[in-house]
>>> print(open('target22.txt').read())   # compact mmCIF, N, CA and C atoms
# COMPACT_ATOMS: atom_id res chain seq x y z
N MET Q 61 79.30 128.82 169.94
CA MET Q 61 80.29 129.64 169.29
C MET Q 61 79.64 130.98 168.98
N ASN Q 62 80.34 132.03 169.26
CA ASN Q 62 79.86 133.38 169.06
C ASN Q 62 80.32 133.84 167.69
N LEU Q 63 79.37 134.39 166.86
CA LEU Q 63 79.71 134.80 165.51
C LEU Q 63 80.61 136.04 165.49
N LYS Q 64 80.54 136.88 166.55
CA LYS Q 64 81.39 138.07 166.60
C LYS Q 64 82.84 137.66 166.72
N ASN Q 65 83.12 136.57 167.39
CA ASN Q 65 84.49 136.13 167.61
C ASN Q 65 84.89 135.02 166.62
N PHE Q 66 84.09 134.79 165.58
CA PHE Q 66 84.35 133.70 164.64
C PHE Q 66 85.56 134.03 163.79
N HIS Q 67 86.44 133.06 163.65
CA HIS Q 67 87.66 133.22 162.86
C HIS Q 67 87.70 132.12 161.81
N PRO Q 68 88.24 132.35 160.60
CA PRO Q 68 88.29 131.32 159.55
C PRO Q 68 88.93 130.02 160.01
N ARG Q 69 89.88 130.06 160.93
CA ARG Q 69 90.47 128.80 161.38
C ARG Q 69 89.46 127.97 162.15
N ASP Q 70 88.44 128.65 162.76
CA ASP Q 70 87.38 127.90 163.45
C ASP Q 70 86.59 127.05 162.45
N LEU Q 71 86.37 127.59 161.25
CA LEU Q 71 85.69 126.83 160.20
C LEU Q 71 86.50 125.61 159.81
N LEU Q 72 87.80 125.79 159.68
CA LEU Q 72 88.68 124.68 159.36
C LEU Q 72 88.61 123.62 160.45
N HIS Q 73 88.56 124.04 161.70
CA HIS Q 73 88.46 123.11 162.83
C HIS Q 73 87.15 122.32 162.76
N LEU Q 74 86.03 123.00 162.41
CA LEU Q 74 84.75 122.31 162.31
C LEU Q 74 84.75 121.28 161.18
N LEU Q 75 85.38 121.64 160.07
CA LEU Q 75 85.42 120.72 158.94
C LEU Q 75 86.31 119.51 159.21
N LEU Q 76 87.41 119.73 159.91
CA LEU Q 76 88.34 118.63 160.18
C LEU Q 76 87.90 117.80 161.38
N HIS Q 77 87.15 118.37 162.28
CA HIS Q 77 86.70 117.67 163.49
C HIS Q 77 85.20 117.86 163.66
N PRO Q 78 84.37 117.16 162.89
CA PRO Q 78 82.92 117.32 163.01
C PRO Q 78 82.45 116.85 164.38
N PRO Q 79 81.33 117.34 164.82
CA PRO Q 79 80.82 116.92 166.12
C PRO Q 79 80.60 115.41 166.15
N ARG Q 80 80.72 114.84 167.30
CA ARG Q 80 80.59 113.39 167.46
C ARG Q 80 79.21 112.88 167.06
N ILE Q 81 78.18 113.70 167.23
CA ILE Q 81 76.83 113.26 166.88
C ILE Q 81 76.69 112.99 165.37
N VAL Q 82 77.41 113.80 164.56
CA VAL Q 82 77.36 113.60 163.11
C VAL Q 82 78.03 112.28 162.75
N ILE Q 83 79.15 111.98 163.38
CA ILE Q 83 79.86 110.72 163.12
C ILE Q 83 78.98 109.54 163.53
N PHE Q 84 78.35 109.63 164.68
CA PHE Q 84 77.49 108.56 165.16
C PHE Q 84 76.31 108.36 164.20
N ALA Q 85 75.68 109.45 163.77
CA ALA Q 85 74.52 109.36 162.88
C ALA Q 85 74.92 108.73 161.54
N ALA Q 86 76.07 109.12 161.01
CA ALA Q 86 76.53 108.57 159.74
C ALA Q 86 76.82 107.08 159.87
N GLY Q 87 77.48 106.69 160.94
CA GLY Q 87 77.78 105.28 161.17
C GLY Q 87 76.51 104.47 161.35
N PHE Q 88 75.55 104.99 162.07
CA PHE Q 88 74.29 104.29 162.29
C PHE Q 88 73.54 104.16 160.96
N GLY Q 89 73.57 105.21 160.13
CA GLY Q 89 72.90 105.18 158.83
C GLY Q 89 73.48 104.10 157.93
N MET Q 90 74.79 103.92 157.98
CA MET Q 90 75.41 102.89 157.14
C MET Q 90 75.03 101.50 157.64
N LEU Q 91 74.93 101.33 158.94
CA LEU Q 91 74.59 100.03 159.49
C LEU Q 91 73.11 99.69 159.31
N ALA Q 92 72.27 100.70 159.18
CA ALA Q 92 70.84 100.45 159.06
C ALA Q 92 70.52 99.66 157.80
N GLY Q 93 71.30 99.82 156.74
CA GLY Q 93 71.06 99.10 155.49
C GLY Q 93 71.57 97.68 155.53
N CYS Q 94 72.33 97.30 156.53
CA CYS Q 94 72.89 95.95 156.62
C CYS Q 94 71.91 95.07 157.36
N ASN Q 95 71.32 94.15 156.65
CA ASN Q 95 70.38 93.22 157.27
C ASN Q 95 70.66 91.86 156.65
N ASP Q 96 71.02 90.90 157.46
CA ASP Q 96 71.37 89.59 156.95
C ASP Q 96 70.15 88.74 156.62
N GLU Q 97 68.99 89.07 157.17
CA GLU Q 97 67.80 88.27 156.93
C GLU Q 97 67.11 88.72 155.66
N PRO Q 98 66.76 87.78 154.78
CA PRO Q 98 66.03 88.17 153.57
C PRO Q 98 64.60 88.55 153.93
N GLU Q 99 63.98 89.32 153.03
CA GLU Q 99 62.59 89.67 153.25
C GLU Q 99 61.77 88.40 153.23
N SER Q 100 60.76 88.35 154.07
CA SER Q 100 59.91 87.17 154.07
C SER Q 100 58.57 87.52 153.46
N HIS Q 101 57.98 86.56 152.75
CA HIS Q 101 56.70 86.74 152.11
C HIS Q 101 55.81 85.59 152.52
N MET Q 102 54.59 85.89 152.88
CA MET Q 102 53.65 84.84 153.25
C MET Q 102 52.98 84.32 151.99
N VAL Q 103 53.00 83.03 151.77
CA VAL Q 103 52.37 82.41 150.62
C VAL Q 103 51.26 81.52 151.13
N SER Q 104 50.05 81.76 150.63
CA SER Q 104 48.92 80.99 151.14
C SER Q 104 48.72 79.68 150.39
N ALA Q 105 49.18 79.62 149.13
CA ALA Q 105 49.02 78.40 148.35
C ALA Q 105 50.16 78.33 147.34
N PRO Q 106 50.55 77.12 146.96
CA PRO Q 106 51.61 77.01 145.95
C PRO Q 106 51.09 77.50 144.60
N PRO Q 107 51.98 77.94 143.72
CA PRO Q 107 51.54 78.39 142.39
C PRO Q 107 50.95 77.23 141.60
N PRO Q 108 50.07 77.52 140.64
CA PRO Q 108 49.49 76.43 139.85
C PRO Q 108 50.56 75.73 139.03
N ALA Q 109 50.35 74.47 138.81
CA ALA Q 109 51.31 73.68 138.04
C ALA Q 109 51.32 74.15 136.60
N THR Q 110 52.50 74.19 136.01
CA THR Q 110 52.64 74.56 134.61
C THR Q 110 52.36 73.32 133.77
N PRO Q 111 51.46 73.44 132.77
CA PRO Q 111 51.19 72.24 131.96
C PRO Q 111 52.42 71.82 131.19
N ALA Q 112 52.60 70.54 131.12
CA ALA Q 112 53.77 70.01 130.41
C ALA Q 112 53.60 70.29 128.92
N ALA Q 113 54.71 70.64 128.29
CA ALA Q 113 54.67 70.89 126.85
C ALA Q 113 54.39 69.59 126.13
N SER Q 114 53.54 69.66 125.15
CA SER Q 114 53.24 68.43 124.45
C SER Q 114 54.28 68.21 123.36
N SER Q 115 54.70 66.99 123.24
CA SER Q 115 55.72 66.67 122.25
C SER Q 115 55.04 66.09 121.02
N PRO Q 116 55.37 66.62 119.85
CA PRO Q 116 54.75 66.09 118.65
C PRO Q 116 55.30 64.71 118.32
N VAL Q 117 54.47 63.94 117.68
CA VAL Q 117 54.88 62.64 117.19
C VAL Q 117 54.68 62.69 115.68
N VAL Q 118 55.72 62.49 114.92
CA VAL Q 118 55.60 62.50 113.46
C VAL Q 118 55.36 61.07 113.02
N VAL Q 119 54.25 60.88 112.30
CA VAL Q 119 53.85 59.55 111.88
C VAL Q 119 53.84 59.50 110.35
N ASN Q 120 54.41 58.48 109.78
CA ASN Q 120 54.37 58.32 108.33
C ASN Q 120 52.99 57.82 107.93
N THR Q 121 52.42 58.41 106.88
CA THR Q 121 51.11 58.02 106.39
C THR Q 121 51.26 57.40 105.01
N PRO Q 122 50.23 56.70 104.53
CA PRO Q 122 50.31 56.13 103.19
C PRO Q 122 50.43 57.23 102.13
N ALA Q 123 50.73 56.84 100.90
CA ALA Q 123 50.97 57.80 99.82
C ALA Q 123 49.75 58.68 99.55
N ALA Q 124 48.55 58.19 99.71
CA ALA Q 124 47.35 59.00 99.50
C ALA Q 124 46.25 58.49 100.42
N SER Q 125 45.30 59.37 100.75
CA SER Q 125 44.20 58.97 101.62
C SER Q 125 42.92 58.92 100.80
N GLU Q 126 41.82 58.49 101.42
CA GLU Q 126 40.53 58.41 100.74
C GLU Q 126 40.10 59.77 100.21
N SER Q 127 40.43 60.84 100.94
CA SER Q 127 39.97 62.17 100.58
C SER Q 127 40.70 62.73 99.36
N GLY Q 128 41.76 62.09 98.95
CA GLY Q 128 42.50 62.57 97.79
C GLY Q 128 43.68 63.44 98.18
N ALA Q 129 43.90 63.64 99.46
CA ALA Q 129 45.04 64.46 99.90
C ALA Q 129 46.32 63.71 99.64
N SER Q 130 47.33 64.44 99.30
CA SER Q 130 48.62 63.79 99.05
C SER Q 130 49.20 63.30 100.36
N GLY Q 131 49.94 62.24 100.34
CA GLY Q 131 50.53 61.66 101.54
C GLY Q 131 51.75 62.41 101.99
N GLY Q 132 52.33 61.99 103.05
CA GLY Q 132 53.52 62.62 103.61
C GLY Q 132 53.56 62.34 105.09
N ASN Q 133 54.10 63.27 105.86
CA ASN Q 133 54.13 63.11 107.31
C ASN Q 133 52.93 63.80 107.93
N THR Q 134 52.38 63.19 108.97
CA THR Q 134 51.27 63.77 109.71
C THR Q 134 51.77 64.12 111.09
N ILE Q 135 51.37 65.28 111.57
CA ILE Q 135 51.75 65.71 112.92
C ILE Q 135 50.64 65.28 113.88
N VAL Q 136 51.03 64.64 114.97
CA VAL Q 136 50.10 64.24 116.02
C VAL Q 136 50.63 64.80 117.33
N VAL Q 137 49.79 65.57 118.04
CA VAL Q 137 50.20 66.18 119.31
C VAL Q 137 49.14 65.91 120.36
N THR Q 138 49.50 66.13 121.61
CA THR Q 138 48.56 65.89 122.71
C THR Q 138 47.88 67.17 123.19
N GLN Q 139 48.30 68.30 122.68
CA GLN Q 139 47.72 69.59 123.07
C GLN Q 139 46.72 70.04 122.02
N ALA Q 140 45.50 70.40 122.44
CA ALA Q 140 44.47 70.84 121.50
C ALA Q 140 44.88 72.16 120.84
N PRO Q 141 44.53 72.32 119.57
CA PRO Q 141 44.85 73.59 118.90
C PRO Q 141 43.97 74.72 119.44
N PRO Q 142 44.47 75.95 119.41
CA PRO Q 142 43.64 77.10 119.80
C PRO Q 142 42.49 77.30 118.81
N ALA Q 143 41.53 78.12 119.18
CA ALA Q 143 40.43 78.45 118.28
C ALA Q 143 40.98 79.21 117.07
N PRO Q 144 40.38 79.03 115.90
CA PRO Q 144 40.86 79.77 114.73
C PRO Q 144 40.79 81.28 114.95
N GLN Q 145 41.71 82.00 114.35
CA GLN Q 145 41.72 83.46 114.46
C GLN Q 145 40.78 84.06 113.42
N ALA Q 146 40.16 85.17 113.79
CA ALA Q 146 39.30 85.87 112.83
C ALA Q 146 40.19 86.57 111.81
N GLU Q 147 39.83 86.44 110.56
CA GLU Q 147 40.60 87.06 109.48
C GLU Q 147 39.70 87.98 108.67
N ASN Q 148 40.24 89.08 108.25
CA ASN Q 148 39.54 90.02 107.36
C ASN Q 148 40.34 90.10 106.06
N PRO Q 149 39.98 89.25 105.09
CA PRO Q 149 40.74 89.26 103.83
C PRO Q 149 40.66 90.62 103.16
N HIS Q 150 41.79 91.05 102.62
CA HIS Q 150 41.79 92.28 101.84
C HIS Q 150 41.04 92.01 100.52
N GLU Q 151 40.90 93.01 99.72
CA GLU Q 151 40.12 92.89 98.48
C GLU Q 151 40.66 91.79 97.58
N GLN Q 152 39.74 91.05 96.99
CA GLN Q 152 40.10 89.97 96.06
C GLN Q 152 40.85 90.55 94.86
N PRO Q 153 42.05 90.04 94.55
CA PRO Q 153 42.84 90.61 93.45
C PRO Q 153 42.13 90.55 92.10
N SER Q 154 41.44 89.44 91.84
CA SER Q 154 40.63 89.31 90.62
C SER Q 154 39.67 88.15 90.84
N SER Q 155 38.74 87.97 89.92
CA SER Q 155 37.71 86.93 90.11
C SER Q 155 38.27 85.51 90.05
N GLU Q 156 39.46 85.32 89.52
CA GLU Q 156 40.02 83.96 89.44
C GLU Q 156 40.64 83.51 90.77
N TYR Q 157 40.82 84.43 91.73
CA TYR Q 157 41.42 84.09 93.03
C TYR Q 157 40.39 83.51 93.99
N VAL Q 158 40.84 82.59 94.84
CA VAL Q 158 40.01 81.97 95.87
C VAL Q 158 40.69 82.22 97.22
N TRP Q 159 39.89 82.55 98.24
CA TRP Q 159 40.45 82.78 99.58
C TRP Q 159 40.76 81.44 100.23
N VAL Q 160 42.01 81.27 100.66
CA VAL Q 160 42.47 80.08 101.38
C VAL Q 160 42.66 80.54 102.82
N SER Q 161 41.77 80.10 103.71
CA SER Q 161 41.77 80.60 105.09
C SER Q 161 43.00 80.15 105.88
N GLY Q 162 43.29 80.89 106.94
CA GLY Q 162 44.42 80.57 107.80
C GLY Q 162 44.13 79.37 108.69
N TYR Q 163 45.16 78.87 109.32
CA TYR Q 163 45.03 77.68 110.16
C TYR Q 163 46.17 77.64 111.18
N TRP Q 164 46.01 76.81 112.19
CA TRP Q 164 47.07 76.60 113.19
C TRP Q 164 47.98 75.48 112.72
N SER Q 165 49.27 75.76 112.71
CA SER Q 165 50.30 74.77 112.35
C SER Q 165 51.12 74.46 113.60
N TRP Q 166 51.71 73.30 113.65
CA TRP Q 166 52.59 72.93 114.76
C TRP Q 166 54.03 73.09 114.29
N HIS Q 167 54.79 73.95 115.01
CA HIS Q 167 56.17 74.22 114.61
C HIS Q 167 57.00 74.48 115.86
N ASN Q 168 58.15 73.83 115.97
CA ASN Q 168 59.06 74.01 117.11
C ASN Q 168 58.35 73.84 118.46
N ASP Q 169 57.57 72.79 118.58
CA ASP Q 169 56.90 72.42 119.83
C ASP Q 169 55.84 73.41 120.29
N HIS Q 170 55.24 74.16 119.37
CA HIS Q 170 54.11 75.01 119.75
C HIS Q 170 53.29 75.35 118.49
N TYR Q 171 52.05 75.81 118.72
CA TYR Q 171 51.19 76.19 117.60
C TYR Q 171 51.60 77.56 117.07
N GLU Q 172 51.53 77.71 115.75
CA GLU Q 172 51.78 78.99 115.09
C GLU Q 172 50.67 79.21 114.07
N TRP Q 173 50.15 80.44 114.03
CA TRP Q 173 49.10 80.76 113.08
C TRP Q 173 49.69 81.02 111.71
N VAL Q 174 49.12 80.38 110.69
CA VAL Q 174 49.51 80.61 109.30
C VAL Q 174 48.36 81.42 108.70
N ALA Q 175 48.64 82.66 108.32
CA ALA Q 175 47.60 83.57 107.83
C ALA Q 175 47.03 83.10 106.49
N GLY Q 176 45.75 83.41 106.28
CA GLY Q 176 45.10 83.09 105.02
C GLY Q 176 45.61 83.98 103.89
N GLN Q 177 45.31 83.57 102.65
CA GLN Q 177 45.78 84.34 101.50
C GLN Q 177 44.90 84.02 100.28
N TRP Q 178 44.97 84.90 99.29
CA TRP Q 178 44.28 84.65 98.02
C TRP Q 178 45.17 83.80 97.14
N GLU Q 179 44.59 82.75 96.53
CA GLU Q 179 45.35 81.87 95.63
C GLU Q 179 44.54 81.59 94.37
N ILE Q 180 45.26 81.29 93.31
CA ILE Q 180 44.61 80.88 92.06
C ILE Q 180 44.58 79.36 92.07
N PRO Q 181 43.39 78.75 91.92
CA PRO Q 181 43.31 77.28 91.90
C PRO Q 181 44.13 76.70 90.75
N PRO Q 182 44.67 75.48 90.95
CA PRO Q 182 45.50 74.87 89.90
C PRO Q 182 44.71 74.51 88.64
N HIS Q 183 43.40 74.24 88.79
CA HIS Q 183 42.54 73.90 87.65
C HIS Q 183 41.25 74.70 87.80
N GLY Q 184 40.56 74.91 86.71
CA GLY Q 184 39.37 75.75 86.72
C GLY Q 184 38.24 75.30 87.63
N ASN Q 185 38.05 74.02 87.81
CA ASN Q 185 36.89 73.52 88.56
C ASN Q 185 37.31 72.85 89.87
N THR Q 186 38.23 73.43 90.61
CA THR Q 186 38.69 72.80 91.85
C THR Q 186 38.20 73.59 93.07
N THR Q 187 38.13 72.89 94.18
CA THR Q 187 37.70 73.48 95.45
C THR Q 187 38.81 73.27 96.47
N TRP Q 188 39.06 74.30 97.31
CA TRP Q 188 40.07 74.20 98.36
C TRP Q 188 39.46 73.49 99.56
N ILE Q 189 40.10 72.41 99.99
CA ILE Q 189 39.73 71.71 101.22
C ILE Q 189 40.75 72.17 102.26
N PRO Q 190 40.31 72.94 103.28
CA PRO Q 190 41.28 73.54 104.21
C PRO Q 190 41.95 72.52 105.13
N PRO Q 191 43.14 72.85 105.59
CA PRO Q 191 43.80 71.98 106.57
C PRO Q 191 43.00 72.02 107.87
N HIS Q 192 43.10 70.96 108.65
CA HIS Q 192 42.35 70.92 109.91
C HIS Q 192 42.97 69.92 110.88
N TRP Q 193 42.58 70.07 112.13
CA TRP Q 193 42.99 69.16 113.20
C TRP Q 193 41.81 68.30 113.59
N GLU Q 194 42.04 67.01 113.81
CA GLU Q 194 40.99 66.10 114.28
C GLU Q 194 41.46 65.43 115.56
N GLN Q 195 40.55 65.39 116.54
CA GLN Q 195 40.89 64.71 117.79
C GLN Q 195 40.70 63.21 117.61
N GLU Q 196 41.69 62.47 118.05
CA GLU Q 196 41.66 61.00 118.03
C GLU Q 196 42.09 60.54 119.41
N ASP Q 197 41.13 60.14 120.24
CA ASP Q 197 41.38 59.81 121.65
C ASP Q 197 41.95 61.04 122.35
N ASN Q 198 43.16 60.95 122.91
CA ASN Q 198 43.77 62.09 123.61
C ASN Q 198 44.81 62.80 122.76
N GLU Q 199 44.73 62.63 121.45
CA GLU Q 199 45.69 63.25 120.55
C GLU Q 199 44.96 64.05 119.48
N TYR Q 200 45.71 64.93 118.83
CA TYR Q 200 45.17 65.76 117.75
C TYR Q 200 46.05 65.56 116.52
N ARG Q 201 45.42 65.15 115.41
CA ARG Q 201 46.14 64.85 114.18
C ARG Q 201 45.87 65.97 113.17
N PHE Q 202 46.93 66.43 112.52
CA PHE Q 202 46.82 67.50 111.53
C PHE Q 202 46.68 66.91 110.14
N TYR Q 203 45.71 67.43 109.39
CA TYR Q 203 45.50 67.02 108.01
C TYR Q 203 45.75 68.23 107.12
N GLU Q 204 46.65 68.08 106.14
CA GLU Q 204 47.01 69.16 105.23
C GLU Q 204 45.81 69.56 104.37
N GLY Q 205 45.80 70.82 103.95
CA GLY Q 205 44.77 71.27 103.00
C GLY Q 205 45.19 70.85 101.59
N TYR Q 206 44.21 70.81 100.69
CA TYR Q 206 44.49 70.38 99.31
C TYR Q 206 43.39 70.88 98.38
N TRP Q 207 43.70 70.87 97.10
CA TRP Q 207 42.72 71.23 96.06
C TRP Q 207 42.04 69.95 95.60
N LYS Q 208 40.70 69.99 95.47
CA LYS Q 208 39.94 68.79 95.07
C LYS Q 208 39.17 69.12 93.81
>>> encode(input="target22.txt", output="C-alpha cells")
Amino acid sequence: MNLKNFHPRDLLHLLLHPPRIVIFAAGFGMLAGCNDEPESHMVSAPPPATPAASSPVVVNTPAASESGASGGNTIVVTQAPPAPQAENPHEQPSSEYVWVSGYWSWHNDHYEWVAGQWEIPPHGNTTWIPPHWEQEDNEYRFYEGYWK
C-alpha cells in the first residue's frame, strides 16, 4: 500500500479485514495453551511415611501416691515429649516467690509448652516438685507437679 494514495477508508478496511496471517497466529496462540496431558514429574522415591499420631490413654490413679502428689487422672501417651524449652525468668517479684519451671503438657492430641512462672509457696517451708514425664516400656506417663 502506498502512503501517498492512502485514504481513511483503507484504514477501516484493514481494521475490519485483518490479514490472514494475523488470524492464523491468533488462532494458533489460543490452541498452544490447550494441552490435555498433565505435567509429568519424575519421582525417585516415595515420600517418607508420616508417623502416626499417638493417642493418649487416660488412666485413673489412686487418691495419693508415695511421693505425696495428689491423685487424679494420669496421661499416658506413646510419643516421647520434646526436650524442655530454655526459659529466662524475668526478675523475681519479691523474695517470697519461687520459680516454677515450664513443662510439656499433653492437650488435644499433641504436646503444648506450659511456660514457667513465679509463685508463692502455700507454706513457708515447702519445695516445688516439678511435673515430669517418665518412660514406662513404650509409653510416657505424666506426673503432675506439687508442693512438698
>>> residues_around(input="target22.txt", residues="Pro142 in chain Q", least_positions_apart="2", cutoff="7 Å", atoms="all atoms listed in the file", output="list in words")
Gln139, Ala140, Pro144, Gln145, Trp164 and Tyr171 of chain Q
>>> closest_residue(input="target22.txt", among="Q:Asn148, Q:Ser161, Q:Ser154, Q:Asn198", to="Gln177 in chain Q", atoms="all atoms listed in the file")
Q:Ser161
>>> atom_distance(input="target22.txt", atom1="CA of Thr186 in chain Q", atom2="CA of Lys208 in chain Q")
5.3 Å
>>> atom_distance(input="target22.txt", atom1="CA of Asn168 in chain Q", atom2="CA of Val137 in chain Q")
12.0 Å
>>> atom_distance(input="target22.txt", atom1="CA of Asn185 in chain Q", atom2="CA of Tyr163 in chain Q")
23.5 Å
>>> closest_residue(input="target22.txt", among="Q:Trp178, Q:Trp188, Q:Phe202, Q:Trp173", to="Thr138 in chain Q", atoms="only C-alpha atoms")
Q:Phe202
>>> closest_residue(input="target22.txt", among="Q:Pro182, Q:Thr187, Q:His150, Q:Ile135", to="Arg201 in chain Q", atoms="all atoms listed in the file")
Q:Ile135
>>> residues_around(input="target22.txt", residues="Gly162 in chain Q", least_positions_apart="4", cutoff="7 Å", atoms="only C-alpha atoms", output="list in words")
Val174, Ala175 and Gly176 of chain Q
>>> residues_around(input="target22.txt", residues="His192 in chain Q", least_positions_apart="2", cutoff="7 Å", atoms="all atoms listed in the file", output="JSON list (two decimals) with N, CA and C atoms, in the coordinates of the input")
[["chain", "number", "residue", "atom", "x", "y", "z"],
["Q", 189, "ILE", "N", 40.10, 72.41, 99.99],
["Q", 189, "ILE", "CA", 39.73, 71.71, 101.22],
["Q", 189, "ILE", "C", 40.75, 72.17, 102.26],
["Q", 190, "PRO", "N", 40.31, 72.94, 103.28],
["Q", 190, "PRO", "CA", 41.28, 73.54, 104.21],
["Q", 190, "PRO", "C", 41.95, 72.52, 105.13],
["Q", 194, "GLU", "N", 42.04, 67.01, 113.81],
["Q", 194, "GLU", "CA", 40.99, 66.10, 114.28],
["Q", 194, "GLU", "C", 41.46, 65.43, 115.56],
["Q", 201, "ARG", "N", 45.42, 65.15, 115.41],
["Q", 201, "ARG", "CA", 46.14, 64.85, 114.18],
["Q", 201, "ARG", "C", 45.87, 65.97, 113.17],
["Q", 202, "PHE", "N", 46.93, 66.43, 112.52],
["Q", 202, "PHE", "CA", 46.82, 67.50, 111.53],
["Q", 202, "PHE", "C", 46.68, 66.91, 110.14],
["Q", 203, "TYR", "N", 45.71, 67.43, 109.39],
["Q", 203, "TYR", "CA", 45.50, 67.02, 108.01],
["Q", 203, "TYR", "C", 45.75, 68.23, 107.12],
["Q", 204, "GLU", "N", 46.65, 68.08, 106.14],
["Q", 204, "GLU", "CA", 47.01, 69.16, 105.23],
["Q", 204, "GLU", "C", 45.81, 69.56, 104.37],
["Q", 205, "GLY", "N", 45.80, 70.82, 103.95],
["Q", 205, "GLY", "CA", 44.77, 71.27, 103.00],
["Q", 205, "GLY", "C", 45.19, 70.85, 101.59]]
>>> closest_residue(input="target22.txt", among="Q:Glu179, Q:Glu172, Q:Val136, Q:Trp207", to="Val158 in chain Q", atoms="all atoms listed in the file")
Q:Glu179
>>> axis_aligned_box(input="target22.txt", around="range 151-155 of chain Q", padding_each_side="5 Å", output="JSON")
{"center_x": 40.3, "center_y": 89.3, "center_z": 94.8, "size_x": 15.1, "size_y": 17.5, "size_z": 19.8}
